[in-house]
Each structure stands twice: as C-alpha cells, then as structure tokens.
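work17.txt, holding compact mmCIF, C-alpha atoms:
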```txt
# COMPACT_ATOMS: atom_id res chain seq x y z
CA MET A 1 -134.94 102.84 -62.50
CA ALA A 2 -131.38 103.98 -61.83
CA PRO A 3 -131.07 106.93 -59.48
CA ARG A 4 -130.14 110.29 -60.92
CA VAL A 5 -126.81 111.30 -59.37
CA GLY A 6 -125.34 114.75 -59.67
CA ARG A 7 -122.29 116.51 -58.40
CA LEU A 8 -122.03 120.27 -58.07
CA TRP A 9 -118.60 121.82 -57.81
CA TRP A 10 -116.84 125.14 -57.53
CA GLN A 11 -113.37 125.83 -58.86
CA GLY A 12 -112.10 127.28 -55.56
CA CYS A 13 -111.80 123.81 -54.03
CA PRO A 14 -109.28 121.15 -55.01
CA SER A 15 -111.54 118.34 -53.77
CA THR A 16 -113.39 117.98 -57.05
CA ASP A 17 -111.48 115.07 -58.55
CA ARG A 18 -111.39 113.03 -55.39
CA ALA A 19 -115.10 113.50 -54.75
CA LEU A 20 -115.91 112.43 -58.27
CA ALA A 21 -113.68 109.37 -57.99
CA ASP A 22 -115.34 108.35 -54.72
CA LEU A 23 -118.75 108.87 -56.26
CA ARG A 24 -117.95 106.82 -59.33
CA ASP A 25 -116.50 104.04 -57.16
CA ALA A 26 -119.71 103.98 -55.14
CA LEU A 27 -121.83 103.81 -58.28
CA ALA A 28 -119.76 100.97 -59.72
CA GLU A 29 -119.98 99.08 -56.46
CA ALA A 30 -123.76 99.41 -56.55
CA GLY A 31 -123.82 98.06 -60.10
CA LEU A 32 -124.61 101.43 -61.63
CA ASP A 33 -122.91 103.17 -64.52
CA PRO A 34 -120.23 105.54 -63.14
CA ALA A 35 -120.41 107.60 -66.30
CA THR A 36 -123.94 108.77 -65.57
CA VAL A 37 -122.95 111.35 -62.97
CA GLU A 38 -124.33 114.74 -63.94
CA ILE A 39 -121.59 117.28 -63.30
CA ARG A 40 -122.41 120.95 -62.96
CA GLN A 41 -120.08 123.79 -62.12
CA VAL A 42 -121.32 126.54 -59.84
CA ALA A 43 -119.53 129.58 -61.13
CA ASP A 44 -120.74 132.57 -59.14
CA ASP A 45 -122.82 133.77 -56.21
CA ALA A 46 -125.98 133.97 -58.29
CA ALA A 47 -125.63 130.36 -59.38
CA ALA A 48 -124.87 129.30 -55.81
CA GLU A 49 -128.06 130.96 -54.65
CA ARG A 50 -130.08 129.49 -57.48
CA GLU A 51 -128.78 125.99 -56.81
CA ARG A 52 -128.98 126.39 -53.01
CA PHE A 53 -125.34 125.33 -53.14
CA PRO A 54 -123.89 124.69 -49.65
CA GLY A 55 -120.31 124.34 -50.85
CA SER A 56 -118.10 122.24 -53.04
CA PRO A 57 -118.46 119.37 -53.59
CA THR A 58 -122.18 118.73 -53.19
CA ILE A 59 -123.70 115.43 -54.25
CA ARG A 60 -127.37 114.99 -54.95
CA ILE A 61 -129.14 111.68 -55.45
CA ASN A 62 -132.49 112.08 -57.13
CA GLY A 63 -132.22 115.73 -56.22
CA VAL A 64 -131.63 115.07 -52.52
CA ASP A 65 -128.41 115.89 -50.69
CA PRO A 66 -127.62 112.86 -48.49
CA PHE A 67 -125.24 114.96 -46.40
CA ALA A 68 -127.47 117.98 -45.91
CA GLY A 69 -126.75 119.99 -42.80
CA ASP A 70 -127.09 123.60 -41.77
CA GLU A 71 -124.44 124.99 -44.10
CA ALA A 72 -124.92 128.46 -45.50
CA VAL A 73 -125.38 128.81 -49.23
CA GLY A 74 -122.34 130.18 -51.03
CA LEU A 75 -119.10 129.63 -52.87
CA SER A 76 -116.92 127.78 -50.40
CA CYS A 77 -115.37 124.40 -49.75
CA ARG A 78 -117.83 122.25 -47.91
CA ILE A 79 -116.88 120.76 -44.56
CA TYR A 80 -117.66 117.09 -44.10
CA ARG A 81 -117.14 114.89 -41.06
CA LEU A 82 -115.76 111.44 -41.52
CA ASP A 83 -117.12 108.59 -39.43
CA ASP A 84 -114.08 108.83 -37.15
CA GLY A 85 -114.84 112.50 -36.48
CA ARG A 86 -112.13 114.04 -38.61
CA VAL A 87 -112.83 117.02 -40.84
CA SER A 88 -112.67 116.33 -44.56
CA PRO A 89 -113.29 118.23 -47.79
CA THR A 90 -115.10 115.19 -49.22
CA PRO A 91 -117.87 112.95 -47.85
CA ASP A 92 -117.08 109.80 -45.93
CA PRO A 93 -116.71 107.16 -48.67
CA GLY A 94 -118.54 104.53 -46.63
CA ARG A 95 -121.56 106.76 -46.06
CA LEU A 96 -121.51 107.74 -49.71
CA ARG A 97 -121.61 104.08 -50.75
CA GLU A 98 -124.50 103.50 -48.36
CA ALA A 99 -126.44 106.43 -49.80
CA ILE A 100 -125.93 105.22 -53.35
CA ALA A 101 -126.82 101.63 -52.44
CA ARG A 102 -130.03 102.80 -50.76
CA ALA A 103 -131.04 104.78 -53.81
CA ALA A 104 -130.25 101.88 -56.11
CA SER A 105 -132.24 99.31 -54.14
CA MET B 1 -91.80 132.08 -54.06
CA ILE B 2 -90.90 135.47 -52.62
CA ALA B 3 -87.33 135.67 -51.32
CA THR B 4 -87.77 138.25 -48.59
CA ALA B 5 -90.67 138.27 -46.20
CA PRO B 6 -92.47 141.60 -46.24
CA ASP B 7 -92.66 142.96 -42.72
CA PHE B 8 -96.15 143.32 -41.29
CA ALA B 9 -97.88 144.48 -38.17
CA LEU B 10 -101.26 142.87 -37.56
CA PRO B 11 -103.60 142.71 -34.57
CA ASP B 12 -104.62 139.44 -32.95
CA THR B 13 -108.13 138.72 -31.74
CA GLU B 14 -107.57 140.84 -28.63
CA GLY B 15 -106.05 143.78 -30.45
CA THR B 16 -102.42 143.09 -29.58
CA VAL B 17 -100.27 143.98 -32.57
CA TYR B 18 -97.61 141.53 -33.72
CA ARG B 19 -94.81 142.72 -35.96
CA LEU B 20 -92.94 140.13 -37.99
CA SER B 21 -89.55 141.83 -37.70
CA GLU B 22 -89.81 141.85 -33.91
CA LEU B 23 -90.76 138.18 -33.77
CA ALA B 24 -87.98 137.24 -36.18
CA ALA B 25 -85.43 138.90 -33.93
CA ASP B 26 -85.86 135.89 -31.64
CA GLY B 27 -85.52 133.26 -34.37
CA PRO B 28 -87.52 131.67 -37.17
CA VAL B 29 -91.19 132.53 -37.60
CA VAL B 30 -93.84 130.25 -39.04
CA VAL B 31 -96.51 132.27 -40.83
CA VAL B 32 -99.68 130.36 -41.66
CA PHE B 33 -102.43 131.88 -43.77
CA THR B 34 -105.56 130.10 -42.64
CA CYS B 35 -109.25 130.62 -41.97
CA ASN B 36 -112.21 129.30 -40.03
CA HIS B 37 -114.29 127.45 -42.58
CA CYS B 38 -111.95 125.64 -44.95
CA PRO B 39 -111.89 121.85 -44.48
CA TYR B 40 -108.24 121.68 -45.48
CA ALA B 41 -107.26 124.35 -42.97
CA LEU B 42 -109.33 122.65 -40.29
CA ALA B 43 -107.91 119.23 -41.07
CA TRP B 44 -104.34 120.53 -40.72
CA GLN B 45 -104.94 122.89 -37.80
CA GLY B 46 -104.17 120.39 -35.03
CA ARG B 47 -100.87 119.48 -36.62
CA LEU B 48 -99.94 123.13 -37.11
CA ALA B 49 -100.87 123.98 -33.54
CA ASP B 50 -98.69 121.11 -32.34
CA VAL B 51 -95.76 122.51 -34.30
CA GLY B 52 -96.35 125.93 -32.78
CA ARG B 53 -96.34 124.56 -29.24
CA GLU B 54 -93.44 122.17 -29.69
CA TYR B 55 -91.09 124.60 -31.43
CA ALA B 56 -91.86 127.57 -29.20
CA ALA B 57 -89.37 126.20 -26.70
CA ARG B 58 -86.71 126.40 -29.41
CA GLY B 59 -87.34 130.07 -30.05
CA VAL B 60 -89.67 129.62 -33.01
CA HIS B 61 -92.72 131.86 -33.18
CA THR B 62 -95.84 130.72 -35.03
CA VAL B 63 -98.59 133.08 -36.14
CA PHE B 64 -101.82 132.32 -37.94
CA ILE B 65 -103.30 134.94 -40.25
CA ASN B 66 -106.88 135.10 -41.45
CA CYS B 67 -107.21 137.30 -44.52
CA ASN B 68 -110.54 136.13 -45.95
CA ASP B 69 -113.26 138.59 -46.87
CA ALA B 70 -115.48 138.45 -43.81
CA GLU B 71 -118.28 140.41 -45.44
CA ARG B 72 -119.02 137.62 -47.88
CA TYR B 73 -117.87 134.91 -45.48
CA PRO B 74 -119.05 135.80 -41.97
CA ALA B 75 -117.48 132.64 -40.59
CA ASP B 76 -114.19 134.50 -40.95
CA SER B 77 -115.23 137.58 -38.99
CA LEU B 78 -113.06 138.87 -36.18
CA GLU B 79 -115.72 137.77 -33.70
CA ALA B 80 -115.71 134.25 -35.14
CA MET B 81 -111.91 134.22 -34.93
CA ARG B 82 -112.07 135.31 -31.30
CA GLN B 83 -114.63 132.63 -30.49
CA ARG B 84 -112.46 129.96 -32.06
CA VAL B 85 -109.35 131.03 -30.17
CA ASP B 86 -111.30 130.83 -26.93
CA GLU B 87 -113.03 127.53 -27.61
CA GLU B 88 -109.98 125.77 -28.96
CA HIS B 89 -107.55 127.30 -26.44
CA TRP B 90 -105.13 128.57 -29.06
CA THR B 91 -101.65 129.29 -27.80
CA ALA B 92 -100.42 131.02 -30.98
CA PRO B 93 -101.75 134.42 -32.05
CA TYR B 94 -104.51 134.50 -34.64
CA LEU B 95 -103.96 137.68 -36.64
CA HIS B 96 -106.51 139.57 -38.68
CA ASP B 97 -105.41 140.79 -42.10
CA GLU B 98 -108.55 142.76 -42.74
CA SER B 99 -107.17 144.69 -45.71
CA GLN B 100 -105.76 141.47 -47.22
CA GLN B 101 -102.57 143.39 -47.99
CA VAL B 102 -100.27 141.00 -46.12
CA ALA B 103 -101.70 138.02 -47.97
CA ARG B 104 -101.22 139.86 -51.25
CA ASP B 105 -97.65 140.81 -50.34
CA TYR B 106 -96.84 137.15 -49.65
CA GLY B 107 -98.65 135.86 -52.70
CA ALA B 108 -100.73 133.58 -50.48
CA ARG B 109 -103.18 131.58 -52.56
CA VAL B 110 -104.99 129.10 -50.37
CA THR B 111 -105.68 128.18 -46.78
CA PRO B 112 -103.51 126.86 -45.36
CA ASP B 113 -100.47 128.41 -47.03
CA VAL B 114 -97.38 128.06 -44.84
CA PHE B 115 -94.21 130.18 -44.83
CA VAL B 116 -91.08 129.77 -42.71
CA VAL B 117 -89.15 133.01 -42.29
CA ASP B 118 -85.66 133.13 -40.78
CA ASP B 119 -84.20 135.80 -38.54
CA GLY B 120 -82.99 137.72 -41.57
CA LEU B 121 -86.55 137.83 -42.91
CA HIS B 122 -85.68 135.44 -45.72
CA VAL B 123 -88.47 133.12 -46.76
CA ARG B 124 -86.99 129.65 -46.37
CA TYR B 125 -90.04 127.48 -46.95
CA ARG B 126 -93.39 127.91 -48.57
CA GLY B 127 -96.05 125.31 -49.11
CA ALA B 128 -98.18 122.70 -47.39
CA PRO B 129 -97.60 121.41 -43.86
CA ASP B 130 -97.14 117.87 -45.16
CA GLN B 131 -98.16 115.64 -48.03
CA ASP B 132 -101.67 114.70 -46.92
CA TYR B 133 -104.34 116.70 -45.10
CA ASP B 134 -106.18 113.43 -44.61
CA ASP B 135 -103.40 111.68 -42.70
CA PRO B 136 -102.76 112.99 -39.17
CA ALA B 137 -99.73 110.69 -38.99
CA ALA B 138 -98.05 112.88 -41.61
CA ASN B 139 -97.53 115.20 -38.62
CA ALA B 140 -96.66 118.35 -40.58
CA LEU B 141 -93.42 116.66 -41.59
CA TRP B 142 -92.50 119.08 -44.38
CA LEU B 143 -92.91 122.04 -42.07
CA ARG B 144 -91.00 120.35 -39.25
CA GLU B 145 -88.13 119.51 -41.59
CA ALA B 146 -88.01 123.09 -42.81
CA ILE B 147 -87.86 124.51 -39.30
CA ASP B 148 -85.25 121.96 -38.25
CA ASP B 149 -83.10 122.85 -41.26
CA VAL B 150 -83.36 126.57 -40.55
CA LEU B 151 -82.47 126.03 -36.90
CA SER B 152 -79.53 123.85 -37.92
CA GLY B 153 -78.28 126.38 -40.44
CA VAL B 154 -78.27 123.90 -43.32
CA GLU B 155 -79.76 123.95 -46.80
CA LEU B 156 -83.42 123.08 -46.78
CA ARG B 157 -84.25 119.60 -47.94
CA ARG B 158 -87.45 120.86 -49.47
CA PRO B 159 -87.72 124.65 -49.70
CA GLU B 160 -91.01 124.72 -51.57
CA THR B 161 -94.04 122.48 -51.94
CA GLU B 162 -97.42 123.06 -53.50
CA PRO B 163 -99.85 124.58 -51.02
CA VAL B 164 -103.16 122.73 -50.96
CA GLY B 165 -106.42 124.14 -49.69
CA CYS B 166 -109.34 126.47 -50.26
CA SER B 167 -108.80 129.54 -52.38
CA ILE B 168 -108.41 132.73 -50.39
CA LYS B 169 -111.63 134.71 -50.42
CA TRP B 170 -110.55 138.02 -51.89
CA ARG B 171 -112.71 141.10 -51.67
CA PRO B 172 -114.51 141.89 -54.92
```
If you took the structure in this file and wrote it as structure tokens, what would it be?
Amino acid sequence: MAPRVGRLWWQGCPSTDRALADLRDALAEAGLDPATVEIRQVADDAAAERERFPGSPTIRINGVDPFAGDEAVGLSCRIYRLDDGRVSPTPDPGRLREAIARAAS
Amino acid sequence: MIATAPDFALPDTEGTVYRLSELAADGPVVVVFTCNHCPYALAWQGRLADVGREYAARGVHTVFINCNDAERYPADSLEAMRQRVDEEHWTAPYLHDESQQVARDYGARVTPDVFVVDDGLHVRYRGAPDQDYDDPAANALWLREAIDDVLSGVELRRPETEPVGCSIKWRP
C-alpha cells in the first residue's frame, strides 16, 4: 500500500512551494503518485498546538515526521540542516528521497 | 520603499545605545532586520557578518536589529540574543527593537530585510542580501554592490530587490 504523505504549511514562510516540489520529486522518483500529497494549512496558534506543528514546512509520512527534532510547537519557519551542515528552510532533498523510498518499500 | 531612514536609538545586547544619525555621520549604514530562529536569516547571517567586517574599514557601519515578539517566540528574547552574540563572536551590534516601532517605521516585512542608508539618511537600497539564501557563493552580492555604489557616489545598479525570509513576528 502506498504511504500516506502529508505536508503542513504556514503562510509566514516562503518555503512552501519549494518543499512541495521536492516532495513531489521524491514521490515520483519512488514510483508514487506526486498528486497524492495531502496539503494542510496551519492557520493559527490553536491549529499549531492541535497538530503539534513544529514549523513550516513539516512533512509526515504515514503520520510520522522523518525530520523530527526538539523544535517547539508554533507558527514559525522550521530550521533544517542539510547534509553539508548548512541551515535551510526545507529538508535535505536526498534525505527526503530516502525517507520516501523507505516508506514505499 | 521609504525614501528617508527614520532615525532610531536602540540598545544592543549589553545595553549600549546606538543612534542611526550618529552612525551615519561616519558614512553609510547597513541596517539588517533579522532574528534568531528564521532559517533564511540564519542561512544569510555569515554573508552579512562578512560584509559588516569587510566594509567597516571603509567607514561603513552595520547593525542588526531583532524586532520579533519575544513573548510568543522566546528564541528571540534579549537573553537569547546575548547568548548568540557571545557564542558566534559577533563584531556588529545586535540591537533590540522591543517595541517593534523601528521595524514598523521602516516597513520591514521579513527577516532578513536589508536597508542601506547613506550619510544623509536617505535609504539607498532595500531588499535581500543576494539572489539565493541557499548559495553561499552569492556572497551578498546585491548588498555589496549597493554599498560600493553609495561609497562611489554613483546611481545604484539595483536600488530595490524583494526581501525573502520569515515574516516578522508582530505582537498581537
């Protein structure tokens, strides 16, 4: 069964489109339908708390965040680390592909 | 873009007050609205710090201003600012705009949002440091060009670009 892939986002961050593009590329590479991403906007503090939202963008595969860390819940832009150590507003594309491939296998 | 830079007097992390008009008396001033927890601001910080160090010898002051609501975002508290200055050995002042009035006066929208002010307090550049937060080789080129043009007394090649980053966290 194909994994359920979701992306949570908040309008205060401009990383939304890029994160979605990376996610859809990873799904296509794994032979999955890129159109199946469930997209949900987190609009306010109450929704962030309800969703346990650690910042935008957040990707969940079968309900699990493959990049989970110790981030506080709230409306903010999430800080990711690329494999080369640089700070980024979106997950490392290589690690994202790996996470999707694992879920698809 | 605002034409004239509103004067301000803000404290740094040690309480020393910096006044824009006094800094600008020496030459151009780079004013960067930034914060502690935005990935865009963090990605660009090294490049901006380099500009601050390199242009200081040419009479250019650089100041960083954190205006985010620290009650909702404790990562932007004064204590967190102080800790960052110490750990990262900042050479430029990190100013605290607790009331957010300076950010409002400038129309700052995101972090980072960069302004270059000349010695007449005219805003000569506003925007992003360069075209790509994700490319360290971009080297804050847009900002460097703007400062160079101001120092040379010529028209700016690119007086305004679109600032890119995290929305400023305004108080409710």
| request: Pull out every residue of chain B that has at least one atom within 10 Å of chain A, counting only C-alpha atoms, and report them as a PyMOL selection string. | output: chain B and resi 37-44+72-73+75+110+133-136+164-169
| Expressed in Å to a single decimal, how great is the separation between CA of Asp25 in chain A and CA of Asp84 in chain A? | 20.7 Å
| Skipping near chain neighbours, those fewer than 2 positions away, what residues fall within 10 Å of Leu10 in chain B using only C-alpha atoms, listed as an MDAnalysis selection string? | chainID B and resid 8 12:13 15:20 65 94:98 102
Could the residues in this selection be written to a file with C-alpha atoms, as a PDB file, keeping the file's coordinate frame?
```pdb
ATOM      1  CA  PHE B   8     -96.150 143.320 -41.290  1.00  0.00           C
ATOM      2  CA  ASP B  12    -104.620 139.440 -32.950  1.00  0.00           C
ATOM      3  CA  THR B  13    -108.130 138.720 -31.740  1.00  0.00           C
ATOM      4  CA  GLY B  15    -106.050 143.780 -30.450  1.00  0.00           C
ATOM      5  CA  THR B  16    -102.420 143.090 -29.580  1.00  0.00           C
ATOM      6  CA  VAL B  17    -100.270 143.980 -32.570  1.00  0.00           C
ATOM      7  CA  TYR B  18     -97.610 141.530 -33.720  1.00  0.00           C
ATOM      8  CA  ARG B  19     -94.810 142.720 -35.960  1.00  0.00           C
ATOM      9  CA  LEU B  20     -92.940 140.130 -37.990  1.00  0.00           C
ATOM     10  CA  ILE B  65    -103.300 134.940 -40.250  1.00  0.00           C
ATOM     11  CA  TYR B  94    -104.510 134.500 -34.640  1.00  0.00           C
ATOM     12  CA  LEU B  95    -103.960 137.680 -36.640  1.00  0.00           C
ATOM     13  CA  HIS B  96    -106.510 139.570 -38.680  1.00  0.00           C
ATOM     14  CA  ASP B  97    -105.410 140.790 -42.100  1.00  0.00           C
ATOM     15  CA  GLU B  98    -108.550 142.760 -42.740  1.00  0.00           C
ATOM     16  CA  VAL B 102    -100.270 141.000 -46.120  1.00  0.00           C
TER      17      VAL B 102
END
```
| From B:Leu151, B:Ala146, B:Leu121, B:Val51, residue lying nearest Ala3 in chain B [all atoms listed in the file] | B:Leu121
| query | Near Trp9 in chain A, counting only C-alpha atoms, which residues have an atom at most 8 Å away, once you skip same-chain residues fewer than 2 positions from it, shown as a PyMOL selection string? | reply | chain A and resi 7+11+16+39-42+55-58
I need the residues from that last selection saved to file as a compact mmCIF listing (two decimals), keeping the file's coordinate frame (with C-alpha atoms), if you can.
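Ended up saving to again_4.txt:
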```
# COMPACT_ATOMS: atom_id res chain seq x y z
CA ARG A 7 -122.29 116.51 -58.40
CA GLN A 11 -113.37 125.83 -58.86
CA THR A 16 -113.39 117.98 -57.05
CA ILE A 39 -121.59 117.28 -63.30
CA ARG A 40 -122.41 120.95 -62.96
CA GLN A 41 -120.08 123.79 -62.12
CA VAL A 42 -121.32 126.54 -59.84
CA GLY A 55 -120.31 124.34 -50.85
CA SER A 56 -118.10 122.24 -53.04
CA PRO A 57 -118.46 119.37 -53.59
CA THR A 58 -122.18 118.73 -53.19
```
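Across the structure, CA of Pro93 in chain B and CA of Thr62 in chain B are spaced 7.6 Å apart.
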| How many Å lie between CA of Thr34 in chain B and CA of Thr111 in chain B, rounded to one decimal? | 4.6 Å
| said: Taking 4 positions as the minimum chain separation for residues in the same chain, which residues sit within 9 Å of Pro163 in chain B when counting only C-alpha atoms? Answer as a VMD selection string. | reply: chain B and resid 109 to 114 126 to 129
Axis-aligned box over every listed atom of range 40-51 of chain B, padded by 3 Å per side: centre and edges in Å to one decimal, as lines of an AutoDock Vina configuration file?
```
center_x = -102.5
center_y = 121.8
center_z = -38.9
size_x = 19.6
size_y = 11.1
size_z = 19.1
```
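Each of A:Met1, A:Leu23, A:Leu32, A:Ala46 was compared to Pro93 in chain A using only C-alpha atoms, and A:Leu23 turns out to be the nearest.
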Final N, CA and C atoms of range 12-35 of chain A as a short mmCIF file (atom, residue, chain, number, x, y, z; two decimals), in the coordinates of the input:
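As written to disk, result-v4.cif reads:
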```cif
data_model
loop_
_atom_site.label_atom_id
_atom_site.label_comp_id
_atom_site.auth_asym_id
_atom_site.auth_seq_id
_atom_site.Cartn_x
_atom_site.Cartn_y
_atom_site.Cartn_z
N GLY A 12 -112.94 126.86 -56.67
CA GLY A 12 -112.10 127.28 -55.56
C GLY A 12 -111.67 126.17 -54.63
N CYS A 13 -112.14 124.95 -54.90
CA CYS A 13 -111.80 123.81 -54.03
C CYS A 13 -111.09 122.73 -54.83
N PRO A 14 -110.00 122.20 -54.28
CA PRO A 14 -109.28 121.15 -55.01
C PRO A 14 -109.84 119.76 -54.78
N SER A 15 -110.98 119.65 -54.13
CA SER A 15 -111.54 118.34 -53.77
C SER A 15 -112.35 117.70 -54.89
N THR A 16 -112.49 118.41 -55.98
CA THR A 16 -113.39 117.98 -57.05
C THR A 16 -113.07 116.59 -57.58
N ASP A 17 -111.83 116.35 -57.92
CA ASP A 17 -111.48 115.07 -58.55
C ASP A 17 -111.68 113.91 -57.58
N ARG A 18 -111.27 114.11 -56.36
CA ARG A 18 -111.39 113.03 -55.39
C ARG A 18 -112.86 112.71 -55.12
N ALA A 19 -113.67 113.73 -55.00
CA ALA A 19 -115.10 113.50 -54.75
C ALA A 19 -115.73 112.74 -55.90
N LEU A 20 -115.34 113.11 -57.11
CA LEU A 20 -115.91 112.43 -58.27
C LEU A 20 -115.45 110.97 -58.33
N ALA A 21 -114.19 110.75 -58.00
CA ALA A 21 -113.68 109.37 -57.99
C ALA A 21 -114.42 108.53 -56.96
N ASP A 22 -114.61 109.09 -55.77
CA ASP A 22 -115.34 108.35 -54.72
C ASP A 22 -116.77 108.05 -55.16
N LEU A 23 -117.36 109.04 -55.81
CA LEU A 23 -118.75 108.87 -56.26
C LEU A 23 -118.84 107.79 -57.33
N ARG A 24 -117.93 107.82 -58.25
CA ARG A 24 -117.95 106.82 -59.33
C ARG A 24 -117.65 105.42 -58.78
N ASP A 25 -116.76 105.33 -57.81
CA ASP A 25 -116.50 104.04 -57.16
C ASP A 25 -117.77 103.51 -56.51
N ALA A 26 -118.48 104.40 -55.83
CA ALA A 26 -119.71 103.98 -55.14
C ALA A 26 -120.76 103.52 -56.14
N LEU A 27 -120.86 104.21 -57.25
CA LEU A 27 -121.83 103.81 -58.28
C LEU A 27 -121.46 102.45 -58.86
N ALA A 28 -120.19 102.26 -59.15
CA ALA A 28 -119.76 100.97 -59.72
C ALA A 28 -120.02 99.84 -58.74
N GLU A 29 -119.77 100.11 -57.47
CA GLU A 29 -119.98 99.08 -56.46
C GLU A 29 -121.45 98.70 -56.35
N ALA A 30 -122.32 99.67 -56.61
CA ALA A 30 -123.76 99.41 -56.55
C ALA A 30 -124.28 98.85 -57.87
N GLY A 31 -123.41 98.61 -58.81
CA GLY A 31 -123.82 98.06 -60.10
C GLY A 31 -124.40 99.09 -61.04
N LEU A 32 -124.10 100.35 -60.79
CA LEU A 32 -124.61 101.43 -61.63
C LEU A 32 -123.50 101.96 -62.52
N ASP A 33 -123.88 102.66 -63.56
CA ASP A 33 -122.91 103.17 -64.52
C ASP A 33 -122.23 104.43 -63.97
N PRO A 34 -120.93 104.37 -63.70
CA PRO A 34 -120.23 105.54 -63.14
C PRO A 34 -120.23 106.74 -64.08
N ALA A 35 -120.47 106.49 -65.34
CA ALA A 35 -120.41 107.60 -66.30
C ALA A 35 -121.68 108.45 -66.30
#
```
